[in-house]
$ cat upload20.txt   # compact mmCIF, C-alpha atoms and all ligand atoms
# COMPACT_ATOMS: atom_id res chain seq x y z
CA MET A 1 176.70 74.61 -59.48
CA GLY A 2 179.38 73.14 -57.14
CA ASN A 3 180.93 69.76 -57.68
CA ALA A 4 178.76 67.17 -55.87
CA THR A 5 181.67 64.77 -55.39
CA PRO A 6 184.77 66.94 -54.96
CA GLY A 7 186.80 64.05 -53.56
CA LEU A 8 185.97 61.61 -56.37
CA ALA A 9 189.50 61.30 -57.80
CA LEU A 10 191.06 60.54 -54.40
CA ALA A 11 188.22 58.22 -53.42
CA ARG A 12 188.69 56.24 -56.66
CA LEU A 13 192.44 55.99 -56.05
CA LEU A 14 191.94 54.75 -52.49
CA ALA A 15 189.15 52.35 -53.50
CA SER A 16 191.39 50.89 -56.22
CA ARG A 17 193.94 50.16 -53.48
CA GLY A 18 191.41 48.44 -51.26
CA VAL A 19 191.54 51.03 -48.48
CA PHE A 20 187.84 51.32 -47.53
CA THR A 21 186.11 48.90 -45.17
CA ASP A 22 183.49 51.35 -43.84
CA PRO A 23 181.28 53.24 -46.32
CA LEU A 24 181.00 56.08 -43.79
CA TRP A 25 184.58 57.12 -44.53
CA HIS A 26 184.25 56.35 -48.24
CA ARG A 27 181.36 58.85 -48.34
CA ALA A 28 183.42 61.39 -46.38
CA VAL A 29 186.39 61.14 -48.78
CA LEU A 30 184.01 61.53 -51.72
CA ALA A 31 182.47 64.64 -50.16
CA VAL A 32 185.61 66.58 -49.14
CA ASP A 33 188.10 68.08 -51.61
CA ARG A 34 191.54 67.43 -50.08
CA THR A 35 193.12 69.72 -52.68
CA ALA A 36 191.39 72.69 -51.05
CA PHE A 37 193.35 71.98 -47.83
CA VAL A 38 196.78 71.93 -49.51
CA PRO A 39 198.81 75.14 -49.06
CA ASP A 40 200.62 76.81 -51.97
CA THR A 41 204.01 75.71 -50.64
CA LEU A 42 204.98 72.12 -49.90
CA TYR A 43 208.42 70.87 -48.82
CA THR A 44 210.66 68.07 -49.99
CA ILE A 45 214.16 66.74 -49.50
CA ASP A 46 216.42 67.87 -52.31
CA PRO A 47 219.73 66.02 -52.88
CA ALA A 48 221.25 69.37 -53.91
CA HIS A 49 220.74 70.62 -50.31
CA PRO A 50 221.35 67.69 -47.99
CA GLY A 51 219.82 68.07 -44.55
CA TRP A 52 217.26 70.64 -45.71
CA GLU A 53 213.56 70.51 -46.55
CA CYS A 54 213.15 72.66 -49.66
CA PRO A 55 210.02 74.58 -50.70
CA VAL A 56 208.07 73.56 -53.79
CA HIS A 57 205.50 76.11 -54.98
CA ARG A 58 202.11 75.40 -56.54
CA THR A 59 203.53 76.59 -59.90
CA ASP A 60 206.00 73.65 -59.87
CA THR A 61 204.56 70.65 -61.77
CA ARG A 62 205.52 68.37 -58.84
CA TRP A 63 203.01 70.13 -56.57
CA ALA A 64 199.99 68.89 -58.58
CA GLN A 65 201.54 65.43 -59.05
CA TRP A 66 202.05 64.90 -55.33
CA VAL A 67 198.61 66.25 -54.45
CA ALA A 68 196.98 63.74 -56.82
CA GLU A 69 198.79 60.78 -55.22
CA ASP A 70 198.35 58.86 -51.97
CA TYR A 71 201.22 60.84 -50.45
CA ALA A 72 201.80 62.61 -47.15
CA LEU A 73 202.52 66.27 -47.95
CA ALA A 74 204.94 68.31 -45.85
CA THR A 75 203.20 71.65 -45.28
CA GLN A 76 205.32 73.45 -42.67
CA VAL A 77 208.96 73.46 -41.56
CA ASP A 78 210.64 74.69 -38.38
CA ASP A 79 207.33 75.60 -36.74
CA GLY A 80 206.56 78.06 -39.54
CA HIS A 81 209.89 79.95 -39.36
CA PRO A 82 212.26 78.30 -41.85
CA THR A 83 215.77 78.52 -40.48
CA GLY A 84 217.64 78.11 -43.77
CA PRO A 85 218.23 80.26 -46.85
CA HIS A 86 215.53 80.50 -49.57
CA GLY A 87 212.77 79.23 -47.29
CA ARG A 88 214.52 75.93 -46.53
CA GLY A 89 213.88 74.29 -43.19
CA ARG A 90 215.54 71.64 -41.05
CA ALA A 91 212.47 69.71 -39.90
CA VAL A 92 208.91 69.13 -41.10
CA THR A 93 206.57 70.36 -38.36
CA SER A 94 203.17 69.93 -40.03
CA SER A 95 201.87 67.81 -42.85
CA LEU A 96 198.77 66.58 -44.58
CA SER A 97 198.88 62.91 -43.71
CA GLN A 98 198.87 60.14 -46.30
CA PRO A 99 195.22 59.65 -47.32
CA SER A 100 195.26 55.85 -47.03
CA LEU A 101 196.60 56.16 -43.48
CA VAL A 102 194.03 58.87 -42.63
CA VAL A 103 191.24 56.48 -43.67
CA ALA A 104 192.83 53.50 -41.89
CA MET A 105 192.98 55.51 -38.65
CA LEU A 106 189.40 56.75 -38.96
CA GLN A 107 188.23 53.19 -39.59
CA GLN A 108 190.08 52.02 -36.47
CA LEU A 109 188.30 54.75 -34.50
CA ASP A 110 184.98 53.01 -35.12
CA ALA A 111 183.04 56.26 -34.69
CA ALA A 112 179.31 56.38 -35.34
CA GLU A 113 176.52 58.93 -35.44
CA GLY A 114 175.95 60.46 -32.02
CA HIS A 115 179.62 60.21 -30.99
CA ARG A 116 181.58 63.30 -29.93
CA VAL A 117 185.14 63.21 -31.22
CA LEU A 118 188.29 64.98 -30.09
CA GLU A 119 191.06 65.29 -32.67
CA ILE A 120 194.60 66.25 -31.70
CA GLY A 121 196.65 67.95 -34.45
CA THR A 122 194.27 69.86 -36.72
CA GLY A 123 197.03 70.67 -39.24
CA SER A 124 195.34 71.68 -42.49
CA GLY A 125 191.88 70.68 -41.23
CA TYR A 126 191.37 67.93 -43.84
CA ASN A 127 190.92 65.11 -41.32
CA THR A 128 188.70 67.45 -39.27
CA ALA A 129 186.54 67.99 -42.36
CA LEU A 130 186.16 64.22 -42.86
CA LEU A 131 185.06 63.91 -39.22
CA CYS A 132 182.59 66.79 -39.68
CA HIS A 133 181.11 65.22 -42.79
CA ALA A 134 180.69 61.83 -41.12
CA LEU A 135 179.52 62.91 -37.64
CA GLY A 136 178.34 66.51 -37.95
CA GLU A 137 180.38 69.61 -37.15
CA LYS A 138 178.87 69.96 -33.65
CA ALA A 139 180.33 66.59 -32.71
CA VAL A 140 183.91 67.58 -33.54
CA VAL A 141 186.52 69.38 -31.42
CA SER A 142 190.06 69.67 -32.81
CA ALA A 143 193.19 71.02 -31.09
CA GLU A 144 196.18 72.52 -32.92
CA ILE A 145 199.18 73.84 -30.98
CA ASP A 146 200.35 76.20 -33.73
CA PRO A 147 198.14 79.33 -33.78
CA GLU A 148 198.82 80.15 -37.43
CA LEU A 149 198.00 76.61 -38.55
CA ALA A 150 194.85 76.68 -36.43
CA ARG A 151 193.79 79.95 -38.09
CA VAL A 152 194.39 78.58 -41.61
CA ALA A 153 192.57 75.35 -40.74
CA VAL A 154 189.52 77.31 -39.57
CA ASP A 155 189.53 79.19 -42.91
CA ASN A 156 189.95 75.98 -44.91
CA LEU A 157 187.13 74.32 -43.00
CA ASP A 158 184.88 77.34 -43.36
CA ARG A 159 185.37 77.41 -47.13
CA ALA A 160 184.55 73.70 -47.24
CA GLY A 161 181.36 74.43 -45.31
CA TYR A 162 182.28 73.15 -41.82
CA ARG A 163 182.44 74.98 -38.47
CA PRO A 164 183.71 72.58 -35.83
CA THR A 165 185.35 73.81 -32.60
CA VAL A 166 189.07 74.35 -33.32
CA LEU A 167 191.16 75.08 -30.23
CA ASP A 168 194.54 76.73 -30.56
CA GLU A 169 195.96 74.73 -27.66
CA ASP A 170 198.37 72.01 -26.61
CA GLY A 171 196.35 68.86 -27.17
CA ALA A 172 198.67 66.78 -24.98
CA GLY A 173 197.01 68.21 -21.87
CA HIS A 174 193.46 68.41 -20.60
CA LEU A 175 191.44 70.65 -22.94
CA GLU A 176 188.78 73.10 -21.87
CA THR A 177 186.39 73.06 -24.79
CA GLY A 178 184.07 75.70 -23.35
CA LEU A 179 181.19 73.50 -24.47
CA GLY A 180 180.25 72.07 -21.10
CA ALA A 181 180.92 68.36 -21.45
CA ASP A 182 184.66 67.92 -21.94
CA ARG A 183 184.39 64.19 -22.49
CA PHE A 184 184.35 62.40 -25.79
CA HIS A 185 183.36 59.01 -27.16
CA ARG A 186 186.37 58.96 -29.44
CA VAL A 187 189.82 60.59 -29.40
CA ILE A 188 192.01 60.50 -32.49
CA SER A 189 195.50 61.93 -32.57
CA THR A 190 197.05 62.75 -35.93
CA VAL A 191 200.36 63.46 -34.25
CA ALA A 192 202.43 60.75 -32.54
CA ALA A 193 202.90 60.32 -28.83
CA ARG A 194 206.56 59.52 -28.17
CA GLY A 195 207.32 57.38 -25.15
CA SER A 196 204.27 58.13 -23.06
CA ILE A 197 200.72 58.46 -24.38
CA PRO A 198 199.09 61.45 -22.60
CA HIS A 199 196.91 60.22 -19.74
CA ALA A 200 194.79 63.37 -20.26
CA TRP A 201 193.32 61.63 -23.33
CA VAL A 202 192.05 58.78 -21.14
CA GLY A 203 190.50 61.30 -18.74
CA GLN A 204 188.71 63.01 -21.63
CA THR A 205 187.19 59.80 -23.02
CA TRP A 206 184.00 58.21 -21.70
CA PRO A 207 184.41 54.68 -20.35
CA GLY A 208 183.87 52.35 -23.30
CA GLY A 209 185.31 54.96 -25.65
CA VAL A 210 188.22 54.52 -28.05
CA ILE A 211 191.53 56.35 -28.50
CA VAL A 212 193.49 55.93 -31.74
CA THR A 213 197.00 57.33 -31.83
CA PRO A 214 200.35 56.84 -33.49
CA TRP A 215 202.96 55.87 -30.88
CA GLU A 216 206.70 56.07 -31.34
CA VAL A 217 209.51 54.63 -29.25
CA GLY A 218 213.16 54.05 -29.98
CA THR A 219 214.58 54.58 -33.43
CA ARG A 220 211.90 52.99 -35.62
CA PRO A 221 208.85 54.69 -37.23
CA GLY A 222 205.68 54.84 -35.14
CA VAL A 223 202.98 52.21 -34.77
CA LEU A 224 199.24 52.70 -34.56
CA VAL A 225 197.66 52.00 -31.16
CA ARG A 226 193.93 51.49 -30.54
CA LEU A 227 193.00 51.83 -26.86
CA GLU A 228 189.69 51.10 -25.17
CA VAL A 229 188.96 53.18 -22.08
CA GLY A 230 187.78 51.41 -18.92
CA GLU A 231 185.82 52.59 -15.87
CA ASP A 232 189.02 52.97 -13.85
CA ASP A 233 190.72 55.83 -15.70
CA THR A 234 192.82 53.26 -17.52
CA ALA A 235 192.98 52.36 -21.21
CA HIS A 236 194.27 49.13 -22.74
CA GLY A 237 194.75 48.26 -26.37
CA ARG A 238 196.69 46.62 -29.14
CA ILE A 239 199.10 47.72 -31.78
CA VAL A 240 197.04 47.61 -34.96
CA GLY A 241 199.42 48.79 -37.66
CA GLU A 242 202.13 51.16 -38.71
CA ALA A 243 201.83 54.93 -38.40
CA PRO A 244 204.93 57.01 -39.12
CA PHE A 245 204.04 60.51 -37.84
CA MET A 246 205.69 63.62 -36.47
CA VAL A 247 205.57 63.72 -32.67
CA LEU A 248 203.75 65.96 -30.19
CA ARG A 249 205.70 69.21 -29.77
CA SER A 250 206.36 68.62 -26.08
CA GLN A 251 207.69 65.12 -26.79
CA ARG A 252 210.08 65.92 -29.63
CA PRO A 253 213.20 63.83 -29.15
CA ASP A 254 216.45 65.39 -28.09
CA SER A 255 218.14 66.27 -31.39
CA ARG A 256 221.66 65.37 -30.23
CA ARG A 257 223.11 62.54 -32.25
CA LEU A 258 225.21 59.70 -30.98
CA ARG A 259 228.42 61.49 -31.87
CA ASP A 260 227.31 64.50 -29.78
CA LEU A 261 226.94 62.25 -26.73
CA VAL A 262 229.99 59.98 -26.95
CA ASP A 263 233.16 61.47 -25.52
CA GLU A 264 235.95 58.97 -26.05
CA GLU A 265 238.37 61.29 -24.24
CA ASP A 266 236.27 61.15 -21.05
CA PRO A 267 238.84 60.54 -18.27
CA GLY A 268 236.11 58.85 -16.22
CA LYS A 269 235.34 56.13 -18.75
CA GLN A 270 235.67 52.55 -17.53
CA ALA A 271 236.94 49.51 -19.40
CA GLY A 272 235.29 46.13 -18.86
CA THR A 273 233.39 43.31 -20.52
CA THR A 274 229.77 42.40 -21.07
CA THR A 275 228.01 39.16 -21.92
CA VAL A 276 225.37 41.15 -23.83
CA ASN A 277 225.86 40.80 -27.57
CA PRO A 278 226.27 44.42 -28.78
CA ARG A 279 224.65 43.62 -32.13
CA LEU A 280 221.29 43.02 -30.41
CA VAL A 281 220.52 46.74 -30.59
CA ALA A 282 220.34 46.46 -34.38
CA TYR A 283 218.36 43.19 -34.49
CA GLU A 284 215.61 43.88 -37.05
CA HIS A 285 212.55 42.38 -35.42
CA PRO A 286 209.59 44.80 -35.08
CA GLY A 287 208.54 43.32 -31.72
CA TRP A 288 212.05 43.47 -30.28
CA GLN A 289 212.61 47.01 -31.51
CA LEU A 290 209.41 48.15 -29.77
CA VAL A 291 210.41 46.43 -26.53
CA LEU A 292 213.93 47.87 -26.68
CA GLY A 293 212.65 51.35 -27.55
CA HIS A 294 210.20 51.28 -24.66
CA LEU A 295 212.41 49.71 -21.99
CA VAL A 296 215.56 51.68 -22.86
CA PRO A 297 214.04 55.01 -23.98
CA ASP A 298 215.85 57.31 -26.38
CA LEU A 299 218.76 54.93 -26.89
CA ARG A 300 220.82 55.81 -29.94
CA TYR A 301 223.23 53.36 -31.51
CA ALA A 302 225.70 53.03 -34.36
CA VAL A 303 227.41 49.92 -35.69
CA TYR A 304 230.82 50.34 -37.32
CA GLU A 305 231.80 47.21 -39.23
CA ALA A 306 235.47 46.23 -39.26
CA SER A 307 237.31 47.17 -42.40
CA GLU A 308 237.26 44.60 -45.21
CA GLU A 309 240.98 45.26 -45.56
CA ARG A 310 241.58 43.51 -42.24
CA PRO A 311 240.58 39.87 -42.87
CA GLU A 312 241.68 38.91 -39.35
CA CYS A 313 238.77 41.07 -38.08
CA ALA A 314 236.10 39.54 -40.36
CA GLY A 315 232.60 39.98 -38.87
CA GLU A 316 233.74 42.20 -36.03
CA ALA A 317 232.07 45.50 -35.27
CA SER A 318 232.38 48.37 -32.81
CA VAL A 319 228.88 49.14 -31.51
CA TYR A 320 228.21 52.43 -29.72
CA VAL A 321 225.13 53.19 -27.63
CA ALA A 322 224.25 56.48 -25.93
CA ALA A 323 221.42 58.05 -23.95
CA PRO A 324 220.36 61.70 -23.55
CA ASP A 325 221.71 61.86 -19.98
CA GLY A 326 225.20 61.52 -21.47
CA SER A 327 225.71 57.86 -20.60
CA TRP A 328 227.38 55.96 -23.43
CA ALA A 329 229.06 52.64 -24.04
CA LEU A 330 231.12 50.87 -26.65
CA GLY A 331 230.83 47.13 -27.21
CA GLU A 332 233.39 45.33 -29.35
CA TYR A 333 231.47 42.57 -31.10
CA THR A 334 233.32 39.51 -32.37
CA PRO A 335 231.74 36.47 -34.04
CA ALA A 336 233.79 34.34 -31.62
CA GLY A 337 231.14 35.31 -29.02
CA GLY A 338 231.24 36.96 -25.58
CA PRO A 339 232.24 38.23 -23.20
CA TYR A 340 232.70 41.35 -25.27
CA VAL A 341 235.19 44.11 -24.48
CA THR A 342 233.50 47.36 -23.47
CA GLU A 343 234.10 50.93 -22.46
CA ARG A 344 231.48 53.03 -20.78
CA ALA A 345 230.92 56.39 -19.13
CA GLY A 346 228.06 58.15 -17.41
CA GLY A 347 225.61 57.08 -14.76
CA ARG A 348 223.93 54.22 -16.58
CA ASP A 349 225.14 50.80 -17.64
CA LEU A 350 223.50 50.76 -21.06
CA TRP A 351 224.66 47.24 -21.99
CA ALA A 352 223.05 45.93 -18.80
CA GLU A 353 219.82 47.75 -19.73
CA VAL A 354 219.87 46.35 -23.26
CA GLY A 355 220.56 42.85 -21.88
CA ALA A 356 217.67 43.13 -19.40
CA ALA A 357 215.32 44.26 -22.18
CA TRP A 358 216.44 41.26 -24.28
CA GLU A 359 215.75 38.89 -21.36
CA GLU A 360 212.30 40.42 -20.88
CA TRP A 361 211.53 39.90 -24.56
CA GLN A 362 212.74 36.26 -24.39
CA ARG A 363 210.76 35.61 -21.20
CA ALA A 364 207.62 36.94 -22.91
CA GLY A 365 208.13 34.46 -25.79
CA ARG A 366 209.72 36.87 -28.29
CA PRO A 367 206.40 38.58 -29.11
CA GLY A 368 205.88 40.21 -32.48
CA ARG A 369 204.03 43.49 -32.84
CA GLU A 370 200.68 41.68 -33.06
CA GLN A 371 201.13 40.17 -29.60
CA LEU A 372 202.11 43.46 -28.01
CA GLY A 373 199.73 45.91 -26.39
CA VAL A 374 199.74 49.11 -24.40
CA THR A 375 198.17 50.29 -21.14
CA VAL A 376 197.83 53.97 -20.29
CA ASP A 377 196.97 54.94 -16.71
CA ALA A 378 197.93 57.58 -14.17
CA GLY A 379 201.28 55.80 -13.71
CA GLY A 380 202.30 56.18 -17.34
CA THR A 381 202.41 54.05 -20.49
CA ARG A 382 203.22 50.35 -20.21
CA LEU A 383 203.95 47.82 -22.90
CA TRP A 384 202.68 44.26 -22.47
CA ALA A 385 202.77 40.96 -24.25
CA GLY A 386 199.66 38.79 -24.63
CA SER A 387 197.43 40.57 -22.10
CA PRO A 388 197.65 43.64 -19.83
CA ALA A 389 198.92 41.36 -17.05
CA GLY A 390 202.06 40.62 -19.07
CA VAL A 391 203.75 43.98 -18.54
CA LEU A 392 207.34 44.17 -19.80
CA ARG A 393 209.58 45.87 -17.28
CA PRO A 394 212.96 47.58 -17.49
CA LEU A 395 216.09 46.71 -15.54
CA GLY A 396 215.84 47.57 -11.87
CA SER A 397 212.04 47.71 -11.67
CA ALA A 398 210.52 46.02 -8.63
CA ALA A 399 208.86 43.22 -10.58
CA VAL A 400 212.08 42.24 -12.34
CA ALA A 401 214.01 42.29 -9.08
CA GLY A 402 211.34 40.21 -7.37
CA ARG A 403 211.28 37.60 -10.10
CA ARG A 404 215.00 36.91 -10.10
C1 LIG B 501 200.56 65.33 -39.17
S1 LIG B 501 199.99 66.92 -38.77
C2 LIG B 501 198.23 66.72 -38.72
C3 LIG B 501 197.58 66.46 -40.02
C4 LIG B 501 196.15 66.93 -40.05
N1 LIG B 501 195.29 66.04 -39.31
C5 LIG B 501 195.66 67.13 -41.45
O1 LIG B 501 194.72 66.45 -41.86
O2 LIG B 501 196.20 68.02 -42.11
C6 LIG B 501 200.32 67.04 -37.04
C7 LIG B 501 199.88 68.36 -36.44
O3 LIG B 501 199.93 68.24 -35.04
C8 LIG B 501 200.25 69.50 -34.51
N2 LIG B 501 200.71 69.31 -33.12
C9 LIG B 501 201.94 68.95 -32.66
N3 LIG B 501 201.94 68.88 -31.33
C10 LIG B 501 200.69 69.22 -30.92
C11 LIG B 501 200.08 69.32 -29.65
N4 LIG B 501 200.76 69.08 -28.53
N5 LIG B 501 198.78 69.68 -29.59
C12 LIG B 501 198.08 69.94 -30.74
N6 LIG B 501 198.61 69.87 -31.96
C13 LIG B 501 199.90 69.49 -32.06
C14 LIG B 501 201.31 70.02 -35.46
O4 LIG B 501 201.44 71.43 -35.36
C15 LIG B 501 200.76 69.53 -36.80
O5 LIG B 501 199.99 70.53 -37.41
$ encode --input "upload20.txt" --output "structure tokens" --more "lines below"
Ligand SMILES: C[S@@+](CC[C@H](N)C(=O)[O-])C[C@H]1O[C@@H](n2cnc3c(N)ncnc32)[C@H](O)[C@@H]1O
Amino acid sequence: MGNATPGLALARLLASRGVFTDPLWHRAVLAVDRTAFVPDTLYTIDPAHPGWECPVHRTDTRWAQWVAEDYALATQVDDGHPTGPHGRGRAVTSSLSQPSLVVAMLQQLDAAEGHRVLEIGTGSGYNTALLCHALGEKAVVSAEIDPELARVAVDNLDRAGYRPTVLDEDGAGHLETGLGADRFHRVISTVAARGSIPHAWVGQTWPGGVIVTPWEVGTRPGVLVRLEVGEDDTAHGRIVGEAPFMVLRSQRPDSRRLRDLVDEEDPGKQAGTTTVNPRLVAYEHPGWQLVLGHLVPDLRYAVYEASEERPECAGEASVYVAAPDGSWALGEYTPAGGPYVTERAGGRDLWAEVGAAWEEWQRAGRPGREQLGVTVDAGGTRLWAGSPAGVLRPLGSAAVAGRR
């Protein structure tokens, strides 16, 4: 006879940590054996091979330890084709998400019997199985961009007793489910949108429906966004937590680092000054970092503190910023205050953009993450403070120009 509660150990662990608010998802975790969705090979960072994700096989004692914990498990590297020796890979490209975060996201989704749900990022199929248990397999459609992962997920789900619709497709676009109605009451993405949240998800959700997705901007880990879809093809919602996830394939950030973009020998670089404090880019405030990441997309920065051996330079720092279009700038911070000496090259004035973002954040009352929200419509993804009317705008946008 099969085990009636195959997920008991994980459910007890999560319950002991106070994860469950909705018994629907407690029952689902009890009913589904996550272990059955874990592949034989996981990946981890190994200090012996810096910069590489190294394989760990099921026969390694760490495999079972990690699987028993509330850990995210890296299950694929380099889109399934490890680029390094001995199966090592540069980047994790699929994972089994951390169970407590999986449950938190499902609880935010607020799904109930009778709802049809679209999941983006099938991965192993574990989250899909939880959805099937809670809502019935006919209510669940899941999209996975990687054909091999989609195939394995279908097998995993089948062995667990579930046959939802799994589409081997890019879930960032409009999906043809082949089931007639291509609209859903709930959309959950288990892969992060970076920069813009796909408007296709709004179009595939019934008015009144809910979209839950990780959202990443700038250089900080992603946040969890819960959007409610209106009658007008627009969705608004709040940031409801943290959600560090890998990003949609089509939105993967440019892998060039700051040092690949800064060319100090550029004959076209210009010297000047700025009143914008260069250290603002590193100011550790979650609300500010979201605003900066959204208003100055894909900005990289590095802060080089002055040597301790030069007491006359105490507190000074050289701060570099760069953008994927090749624009970069240096700001020489000194605790004496501005104006600060700069150099810059490329088409954009990055210190001006950072300064404008800072002014927007001040004008909005320095909102924290809890006061910030997101709107997704045909025009893109906007960040607002307080209410959807309080859109935060970048330098040069019409509203900013009009206000000043
Ligand atoms: C964090 S994993 C998903 C975890 C999964 N829900 C589970 O329970 O195992 C993210 C998955 O999203 C997939 N993915 C990335 N971009 C995608 C896209 N545009 N459409 C569909 N799936 C995508 C990746 O291949 C990866 O398998």
$ residues_near_point --input "upload20.txt" --point "(232.8, 39.8, -32.6)" --cutoff "12 Å" --atoms "all atoms listed in the file" --output "VMD selection string"
chain A and resid 275 to 279 303 to 306 312 to 319 331 to 342
$ write_last_selection --input "upload20.txt" --atoms "C-alpha atoms" --output "PDB file, in the coordinates of the input"
ATOM      1  CA  THR A 275     228.010  39.160 -21.920  1.00  0.00           C
ATOM      2  CA  VAL A 276     225.370  41.150 -23.830  1.00  0.00           C
ATOM      3  CA  ASN A 277     225.860  40.800 -27.570  1.00  0.00           C
ATOM      4  CA  PRO A 278     226.270  44.420 -28.780  1.00  0.00           C
ATOM      5  CA  ARG A 279     224.650  43.620 -32.130  1.00  0.00           C
ATOM      6  CA  VAL A 303     227.410  49.920 -35.690  1.00  0.00           C
ATOM      7  CA  TYR A 304     230.820  50.340 -37.320  1.00  0.00           C
ATOM      8  CA  GLU A 305     231.800  47.210 -39.230  1.00  0.00           C
ATOM      9  CA  ALA A 306     235.470  46.230 -39.260  1.00  0.00           C
ATOM     10  CA  GLU A 312     241.680  38.910 -39.350  1.00  0.00           C
ATOM     11  CA  CYS A 313     238.770  41.070 -38.080  1.00  0.00           C
ATOM     12  CA  ALA A 314     236.100  39.540 -40.360  1.00  0.00           C
ATOM     13  CA  GLY A 315     232.600  39.980 -38.870  1.00  0.00           C
ATOM     14  CA  GLU A 316     233.740  42.200 -36.030  1.00  0.00           C
ATOM     15  CA  ALA A 317     232.070  45.500 -35.270  1.00  0.00           C
ATOM     16  CA  SER A 318     232.380  48.370 -32.810  1.00  0.00           C
ATOM     17  CA  VAL A 319     228.880  49.140 -31.510  1.00  0.00           C
ATOM     18  CA  GLY A 331     230.830  47.130 -27.210  1.00  0.00           C
ATOM     19  CA  GLU A 332     233.390  45.330 -29.350  1.00  0.00           C
ATOM     20  CA  TYR A 333     231.470  42.570 -31.100  1.00  0.00           C
ATOM     21  CA  THR A 334     233.320  39.510 -32.370  1.00  0.00           C
ATOM     22  CA  PRO A 335     231.740  36.470 -34.040  1.00  0.00           C
ATOM     23  CA  ALA A 336     233.790  34.340 -31.620  1.00  0.00           C
ATOM     24  CA  GLY A 337     231.140  35.310 -29.020  1.00  0.00           C
ATOM     25  CA  GLY A 338     231.240  36.960 -25.580  1.00  0.00           C
ATOM     26  CA  PRO A 339     232.240  38.230 -23.200  1.00  0.00           C
ATOM     27  CA  TYR A 340     232.700  41.350 -25.270  1.00  0.00           C
ATOM     28  CA  VAL A 341     235.190  44.110 -24.480  1.00  0.00           C
ATOM     29  CA  THR A 342     233.500  47.360 -23.470  1.00  0.00           C
TER      30      THR A 342
END
$ atom_distance --input "upload20.txt" --atom1 "atom CA of A:Val191" --atom2 "atom C15 of ligand LIG 501 (chain B)"
6.6 Å
$ residues_near_ligand --input "upload20.txt" --ligand "ligand LIG 501 (chain B)" --cutoff "9 Å" --atoms "all atoms listed in the file" --output "MDAnalysis selection string"
chainID A and resid 34 37:38 72:76 79 93:99 102 119:130 142:147 149:150 153 167:173 189:193 245:252
$ closest_residue --input "upload20.txt" --among "A:Gly287, A:Gly293, A:Gly268, A:Gly390" --to "A:Trp328" --atoms "all atoms listed in the file"
A:Gly268
$ residues_around --input "upload20.txt" --residues "A:Pro82" --least-positions-apart "2" --cutoff "10 Å" --atoms "only C-alpha atoms" --output "ChimeraX atom specification"
/A:52-55,76-80,84-92
$ atom_distance --input "upload20.txt" --atom1 "atom CA of A:Phe20" --atom2 "atom CA of A:Leu101"
10.8 Å
$ decode --input "upload20.txt" --residues "stretch 32-43 of chain A" --atoms "N, CA and C atoms" --output "PDB file, in the first residue's frame"
ATOM      1  N   VAL A  32       1.846  15.493  -1.607  1.00  0.00           N
ATOM      2  CA  VAL A  32       2.794  15.341  -2.724  1.00  0.00           C
ATOM      3  C   VAL A  32       4.209  15.117  -2.173  1.00  0.00           C
ATOM      4  N   ASP A  33       4.876  14.105  -2.687  1.00  0.00           N
ATOM      5  CA  ASP A  33       6.243  13.795  -2.257  1.00  0.00           C
ATOM      6  C   ASP A  33       7.225  14.619  -3.079  1.00  0.00           C
ATOM      7  N   ARG A  34       7.768  15.672  -2.498  1.00  0.00           N
ATOM      8  CA  ARG A  34       8.711  16.536  -3.245  1.00  0.00           C
ATOM      9  C   ARG A  34       9.942  15.744  -3.678  1.00  0.00           C
ATOM     10  N   THR A  35      10.348  14.788  -2.843  1.00  0.00           N
ATOM     11  CA  THR A  35      11.559  14.008  -3.146  1.00  0.00           C
ATOM     12  C   THR A  35      11.468  13.347  -4.519  1.00  0.00           C
ATOM     13  N   ALA A  36      10.254  12.959  -4.905  1.00  0.00           N
ATOM     14  CA  ALA A  36      10.068  12.273  -6.184  1.00  0.00           C
ATOM     15  C   ALA A  36      10.287  13.209  -7.377  1.00  0.00           C
ATOM     16  N   PHE A  37      10.380  14.519  -7.121  1.00  0.00           N
ATOM     17  CA  PHE A  37      10.585  15.501  -8.194  1.00  0.00           C
ATOM     18  C   PHE A  37      12.046  15.965  -8.263  1.00  0.00           C
ATOM     19  N   VAL A  38      12.885  15.427  -7.364  1.00  0.00           N
ATOM     20  CA  VAL A  38      14.292  15.874  -7.312  1.00  0.00           C
ATOM     21  C   VAL A  38      15.125  14.984  -8.238  1.00  0.00           C
ATOM     22  N   PRO A  39      15.866  15.582  -9.188  1.00  0.00           N
ATOM     23  CA  PRO A  39      16.694  14.751 -10.071  1.00  0.00           C
ATOM     24  C   PRO A  39      17.901  14.169  -9.333  1.00  0.00           C
ATOM     25  N   ASP A  40      18.559  13.208  -9.970  1.00  0.00           N
ATOM     26  CA  ASP A  40      19.717  12.543  -9.340  1.00  0.00           C
ATOM     27  C   ASP A  40      20.889  13.494  -9.137  1.00  0.00           C
ATOM     28  N   THR A  41      20.972  14.518  -9.981  1.00  0.00           N
ATOM     29  CA  THR A  41      22.109  15.451  -9.872  1.00  0.00           C
ATOM     30  C   THR A  41      21.610  16.833  -9.486  1.00  0.00           C
ATOM     31  N   LEU A  42      22.197  17.356  -8.403  1.00  0.00           N
ATOM     32  CA  LEU A  42      21.949  18.749  -8.008  1.00  0.00           C
ATOM     33  C   LEU A  42      23.262  19.505  -8.212  1.00  0.00           C
ATOM     34  N   TYR A  43      23.234  20.810  -8.049  1.00  0.00           N
ATOM     35  CA  TYR A  43      24.434  21.628  -8.266  1.00  0.00           C
ATOM     36  C   TYR A  43      24.655  22.548  -7.082  1.00  0.00           C
TER      37      TYR A  43
END
